[in-house]
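Text of structure_21.json, listed as JSON, N, CA and C atoms:
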[["chain", "number", "residue", "atom", "x", "y", "z"],
["A", 28, "MET", "N", 33.27, -7.44, -76.18],
["A", 28, "MET", "CA", 33.60, -7.75, -74.80],
["A", 28, "MET", "C", 34.13, -6.50, -74.09],
["A", 29, "LYS", "N", 33.79, -6.36, -72.86],
["A", 29, "LYS", "CA", 34.35, -5.31, -72.03],
["A", 29, "LYS", "C", 35.68, -5.79, -71.46],
["A", 30, "ARG", "N", 36.48, -4.86, -71.00],
["A", 30, "ARG", "CA", 37.82, -5.19, -70.48],
["A", 30, "ARG", "C", 37.75, -6.26, -69.40],
["A", 31, "ALA", "N", 36.80, -6.13, -68.48],
["A", 31, "ALA", "CA", 36.70, -7.10, -67.39],
["A", 31, "ALA", "C", 36.37, -8.49, -67.93],
["A", 32, "ASP", "N", 35.56, -8.55, -68.98],
["A", 32, "ASP", "CA", 35.21, -9.84, -69.59],
["A", 32, "ASP", "C", 36.44, -10.48, -70.26],
["A", 33, "VAL", "N", 37.24, -9.65, -70.91],
["A", 33, "VAL", "CA", 38.46, -10.16, -71.55],
["A", 33, "VAL", "C", 39.42, -10.69, -70.49],
["A", 34, "ASP", "N", 39.61, -9.92, -69.43],
["A", 34, "ASP", "CA", 40.49, -10.36, -68.34],
["A", 34, "ASP", "C", 40.03, -11.69, -67.76],
["A", 35, "GLU", "N", 38.74, -11.82, -67.55],
["A", 35, "GLU", "CA", 38.19, -13.06, -66.99],
["A", 35, "GLU", "C", 38.39, -14.23, -67.94],
["A", 36, "ALA", "N", 38.13, -14.02, -69.24],
["A", 36, "ALA", "CA", 38.31, -15.09, -70.23],
["A", 36, "ALA", "C", 39.77, -15.52, -70.30],
["A", 37, "LEU", "N", 40.68, -14.57, -70.29],
["A", 37, "LEU", "CA", 42.10, -14.92, -70.30],
["A", 37, "LEU", "C", 42.49, -15.72, -69.07],
["A", 38, "ALA", "N", 42.00, -15.30, -67.91],
["A", 38, "ALA", "CA", 42.33, -15.99, -66.67],
["A", 38, "ALA", "C", 41.81, -17.43, -66.67],
["A", 39, "GLN", "N", 40.69, -17.65, -67.34],
["A", 39, "GLN", "CA", 40.11, -19.00, -67.39],
["A", 39, "GLN", "C", 40.90, -19.93, -68.32],
["A", 40, "HIS", "N", 41.52, -19.36, -69.35],
["A", 40, "HIS", "CA", 42.17, -20.18, -70.36],
["A", 40, "HIS", "C", 43.70, -20.22, -70.28],
["A", 41, "PHE", "N", 44.30, -19.24, -69.57],
["A", 41, "PHE", "CA", 45.75, -19.17, -69.51],
["A", 41, "PHE", "C", 46.21, -18.89, -68.09],
["A", 42, "SER", "N", 47.32, -19.52, -67.70],
["A", 42, "SER", "CA", 47.95, -19.18, -66.43],
["A", 42, "SER", "C", 48.82, -17.95, -66.65],
["A", 43, "GLU", "N", 49.24, -17.29, -65.55],
["A", 43, "GLU", "CA", 50.14, -16.15, -65.66],
["A", 43, "GLU", "C", 51.44, -16.56, -66.34],
["A", 44, "GLU", "N", 51.93, -17.76, -66.04],
["A", 44, "GLU", "CA", 53.16, -18.24, -66.64],
["A", 44, "GLU", "C", 53.01, -18.40, -68.15],
["A", 45, "LYS", "N", 51.89, -18.96, -68.59],
["A", 45, "LYS", "CA", 51.64, -19.16, -70.02],
["A", 45, "LYS", "C", 51.49, -17.82, -70.73],
["A", 46, "LEU", "N", 50.76, -16.88, -70.14],
["A", 46, "LEU", "CA", 50.62, -15.55, -70.74],
["A", 46, "LEU", "C", 51.97, -14.87, -70.87],
["A", 47, "GLY", "N", 52.82, -15.07, -69.88],
["A", 47, "GLY", "CA", 54.14, -14.45, -69.90],
["A", 47, "GLY", "C", 54.99, -14.87, -71.08],
["A", 48, "THR", "N", 54.72, -16.05, -71.64],
["A", 48, "THR", "CA", 55.50, -16.50, -72.80],
["A", 48, "THR", "C", 55.12, -15.76, -74.07],
["A", 49, "TYR", "N", 54.00, -15.07, -74.08],
["A", 49, "TYR", "CA", 53.54, -14.36, -75.27],
["A", 49, "TYR", "C", 53.98, -12.89, -75.31],
["A", 50, "PHE", "N", 54.50, -12.38, -74.21],
["A", 50, "PHE", "CA", 54.86, -10.97, -74.12],
["A", 50, "PHE", "C", 56.26, -10.82, -73.55],
["A", 51, "SER", "N", 57.06, -9.94, -74.16],
["A", 51, "SER", "CA", 58.36, -9.65, -73.59],
["A", 51, "SER", "C", 58.23, -8.56, -72.52],
["A", 52, "LEU", "N", 57.23, -7.71, -72.65],
["A", 52, "LEU", "CA", 56.98, -6.65, -71.68],
["A", 52, "LEU", "C", 55.48, -6.42, -71.58],
["A", 53, "ARG", "N", 54.96, -6.46, -70.38],
["A", 53, "ARG", "CA", 53.55, -6.20, -70.16],
["A", 53, "ARG", "C", 53.42, -4.91, -69.38],
["A", 54, "GLY", "N", 52.45, -4.10, -69.75],
["A", 54, "GLY", "CA", 52.30, -2.82, -69.09],
["A", 54, "GLY", "C", 50.87, -2.35, -69.05],
["A", 55, "ILE", "N", 50.72, -1.08, -68.73],
["A", 55, "ILE", "CA", 49.40, -0.49, -68.62],
["A", 55, "ILE", "C", 49.37, 0.81, -69.42],
["A", 56, "LYS", "N", 48.19, 1.30, -69.70],
["A", 56, "LYS", "CA", 48.02, 2.59, -70.36],
["A", 56, "LYS", "C", 47.41, 3.54, -69.34],
["A", 57, "LEU", "N", 48.03, 4.70, -69.19],
["A", 57, "LEU", "CA", 47.55, 5.67, -68.21],
["A", 57, "LEU", "C", 46.36, 6.46, -68.73],
["A", 58, "THR", "N", 45.43, 6.72, -67.85],
["A", 58, "THR", "CA", 44.32, 7.61, -68.15],
["A", 58, "THR", "C", 44.76, 9.04, -67.83],
["A", 59, "ASP", "N", 43.95, 10.01, -68.22],
["A", 59, "ASP", "CA", 44.26, 11.41, -67.88],
["A", 59, "ASP", "C", 44.33, 11.60, -66.37],
["A", 60, "LYS", "N", 43.43, 10.94, -65.66],
["A", 60, "LYS", "CA", 43.43, 11.02, -64.19],
["A", 60, "LYS", "C", 44.72, 10.43, -63.62],
["A", 61, "GLY", "N", 45.19, 9.35, -64.20],
["A", 61, "GLY", "CA", 46.44, 8.73, -63.76],
["A", 61, "GLY", "C", 47.64, 9.61, -64.02],
["A", 62, "ARG", "N", 47.68, 10.24, -65.20],
["A", 62, "ARG", "CA", 48.77, 11.16, -65.52],
["A", 62, "ARG", "C", 48.82, 12.32, -64.53],
["A", 63, "LEU", "N", 47.65, 12.84, -64.20],
["A", 63, "LEU", "CA", 47.57, 13.94, -63.25],
["A", 63, "LEU", "C", 48.07, 13.51, -61.87],
["A", 64, "ALA", "N", 47.67, 12.30, -61.44],
["A", 64, "ALA", "CA", 48.12, 11.79, -60.15],
["A", 64, "ALA", "C", 49.63, 11.63, -60.11],
["A", 65, "LEU", "N", 50.22, 11.14, -61.21],
["A", 65, "LEU", "CA", 51.68, 11.00, -61.27],
["A", 65, "LEU", "C", 52.36, 12.37, -61.24],
["A", 66, "ALA", "N", 51.83, 13.29, -61.99],
["A", 66, "ALA", "CA", 52.42, 14.63, -62.04],
["A", 66, "ALA", "C", 52.36, 15.31, -60.67],
["A", 67, "ASN", "N", 51.31, 15.07, -59.92],
["A", 67, "ASN", "CA", 51.13, 15.71, -58.62],
["A", 67, "ASN", "C", 51.88, 15.00, -57.50],
["A", 68, "ASN", "N", 52.48, 13.85, -57.80],
["A", 68, "ASN", "CA", 53.17, 13.07, -56.76],
["A", 68, "ASN", "C", 54.55, 12.62, -57.23],
["A", 69, "GLN", "N", 55.25, 13.46, -57.95],
["A", 69, "GLN", "CA", 56.55, 13.09, -58.51],
["A", 69, "GLN", "C", 57.56, 12.68, -57.45],
["A", 70, "ALA", "N", 57.51, 13.28, -56.28],
["A", 70, "ALA", "CA", 58.45, 12.93, -55.21],
["A", 70, "ALA", "C", 58.29, 11.46, -54.80],
["A", 71, "VAL", "N", 57.07, 10.99, -54.76],
["A", 71, "VAL", "CA", 56.81, 9.58, -54.40],
["A", 71, "VAL", "C", 57.35, 8.67, -55.50],
["A", 72, "ILE", "N", 57.12, 9.05, -56.74],
["A", 72, "ILE", "CA", 57.59, 8.25, -57.88],
["A", 72, "ILE", "C", 59.11, 8.14, -57.86],
["A", 73, "ASP", "N", 59.78, 9.25, -57.59],
["A", 73, "ASP", "CA", 61.25, 9.27, -57.62],
["A", 73, "ASP", "C", 61.87, 8.40, -56.53],
["A", 74, "LYS", "N", 61.16, 8.10, -55.48],
["A", 74, "LYS", "CA", 61.69, 7.27, -54.39],
["A", 74, "LYS", "C", 61.67, 5.78, -54.72],
["A", 75, "HIS", "N", 60.96, 5.38, -55.77],
["A", 75, "HIS", "CA", 60.86, 3.97, -56.11],
["A", 75, "HIS", "C", 61.88, 3.60, -57.19],
["A", 76, "PRO", "N", 62.38, 2.36, -57.15],
["A", 76, "PRO", "CA", 63.36, 1.94, -58.16],
["A", 76, "PRO", "C", 62.72, 1.91, -59.55],
["A", 77, "LYS", "N", 63.52, 2.22, -60.54],
["A", 77, "LYS", "CA", 63.06, 2.23, -61.93],
["A", 77, "LYS", "C", 63.33, 0.87, -62.58],
["A", 78, "LYS", "N", 62.40, 0.44, -63.41],
["A", 78, "LYS", "CA", 62.55, -0.83, -64.12],
["A", 78, "LYS", "C", 63.40, -0.61, -65.36],
["A", 79, "LYS", "N", 64.41, -1.44, -65.56],
["A", 79, "LYS", "CA", 65.26, -1.33, -66.73],
["A", 79, "LYS", "C", 64.58, -2.05, -67.89],
["A", 80, "LEU", "N", 64.43, -1.37, -69.02],
["A", 80, "LEU", "CA", 63.70, -1.91, -70.15],
["A", 80, "LEU", "C", 64.62, -2.44, -71.26],
["A", 81, "GLY", "N", 65.87, -2.55, -71.02],
["A", 81, "GLY", "CA", 66.77, -2.98, -72.09],
["A", 81, "GLY", "C", 67.52, -4.14, -71.71]]
Full structure transcribed into C-alpha coordinates:
Amino acid sequence: MKRADVDEALAQHFSEEKLGTYFSLRGIKLTDKGRLALANNQAVIDKHPKKKLG
(Lines of atoms letter the chains of each structure in order from A and count residues from 1; the text may use other names and numbers.)
(Lines give C-alpha, C1' and ligand atoms only; values in the text may rest on other atoms or scores of the structure.)
Protein backbone atom coordinates (compact mmCIF):
# COMPACT_ATOMS: atom_id res chain seq x y z
CA MET A 1 0.00 0.00 0.00
CA LYS A 2 1.09 3.55 -0.65
CA ARG A 3 0.90 6.13 2.12
CA ALA A 4 -2.26 7.71 0.68
CA ASP A 5 -3.93 4.28 0.56
CA VAL A 6 -3.05 3.61 4.20
CA ASP A 7 -4.38 7.01 5.25
CA GLU A 8 -7.62 6.38 3.38
CA ALA A 9 -8.05 2.89 4.87
CA LEU A 10 -7.48 4.21 8.38
CA ALA A 11 -9.97 7.03 7.85
CA GLN A 12 -12.59 4.53 6.70
CA HIS A 13 -12.17 2.25 9.72
CA PHE A 14 -11.26 4.61 12.58
CA SER A 15 -12.35 8.03 13.78
CA GLU A 16 -9.72 10.57 14.87
CA GLU A 17 -10.87 10.01 18.46
CA LYS A 18 -10.42 6.24 18.20
CA LEU A 19 -6.97 6.58 16.58
CA GLY A 20 -5.97 8.95 19.37
CA THR A 21 -6.44 6.17 21.92
CA TYR A 22 -3.66 4.14 20.27
CA PHE A 23 -0.97 6.84 20.37
CA SER A 24 0.35 9.01 23.17
CA LEU A 25 2.09 11.27 20.64
CA ARG A 26 1.50 11.54 16.92
CA GLY A 27 3.95 13.28 14.65
CA ILE A 28 5.54 13.52 11.27
CA LYS A 29 8.90 12.67 9.73
CA LEU A 30 10.71 15.49 7.97
CA THR A 31 12.09 15.13 4.48
CA ASP A 32 15.38 16.73 3.44
CA LYS A 33 13.38 19.48 1.74
CA GLY A 34 11.44 20.06 4.97
CA ARG A 35 14.62 20.26 7.05
CA LEU A 36 16.03 22.82 4.63
CA ALA A 37 12.83 24.89 4.81
CA LEU A 38 12.97 24.88 8.62
CA ALA A 39 16.64 25.81 8.65
CA ASN A 40 16.01 28.70 6.25
CA ASN A 41 13.06 30.04 8.27
CA GLN A 42 14.18 29.72 11.89
CA ALA A 43 12.83 33.17 12.79
CA VAL A 44 9.31 32.07 11.84
CA ILE A 45 9.67 28.85 13.84
CA ASP A 46 10.86 30.73 16.93
CA LYS A 47 7.73 32.94 16.92
CA HIS A 48 5.41 29.95 17.42
CA PRO A 49 4.72 28.31 20.79
CA LYS A 50 6.55 25.06 21.49
CA LYS A 51 4.68 21.87 22.35
CA LYS A 52 5.63 20.39 25.72
CA LEU A 53 6.41 16.68 25.35
CA GLY A 54 6.59 15.69 28.99
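Of note, CA of Ser51 in chain A and CA of Asp73 in chain A are spaced 24.9 Å apart.
CA of Lys74 in chain A is positioned 21.0 Å from atom C of Lys56 in chain A.
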- [ ] Provide the CA of Tyr49 in chain A to CA of Asp32 in chain A distance in Å, to one decimal place.
- [x] 19.7 Å
- [ ] Name the residues of chain A that fall into alpha helix (DSSP H) according to DSSP on the backbone, using the chain letters and numbers of this document, as a PyMOL selection string.
- [x] chain A and resi 30-40+43-47+59-67+69-73
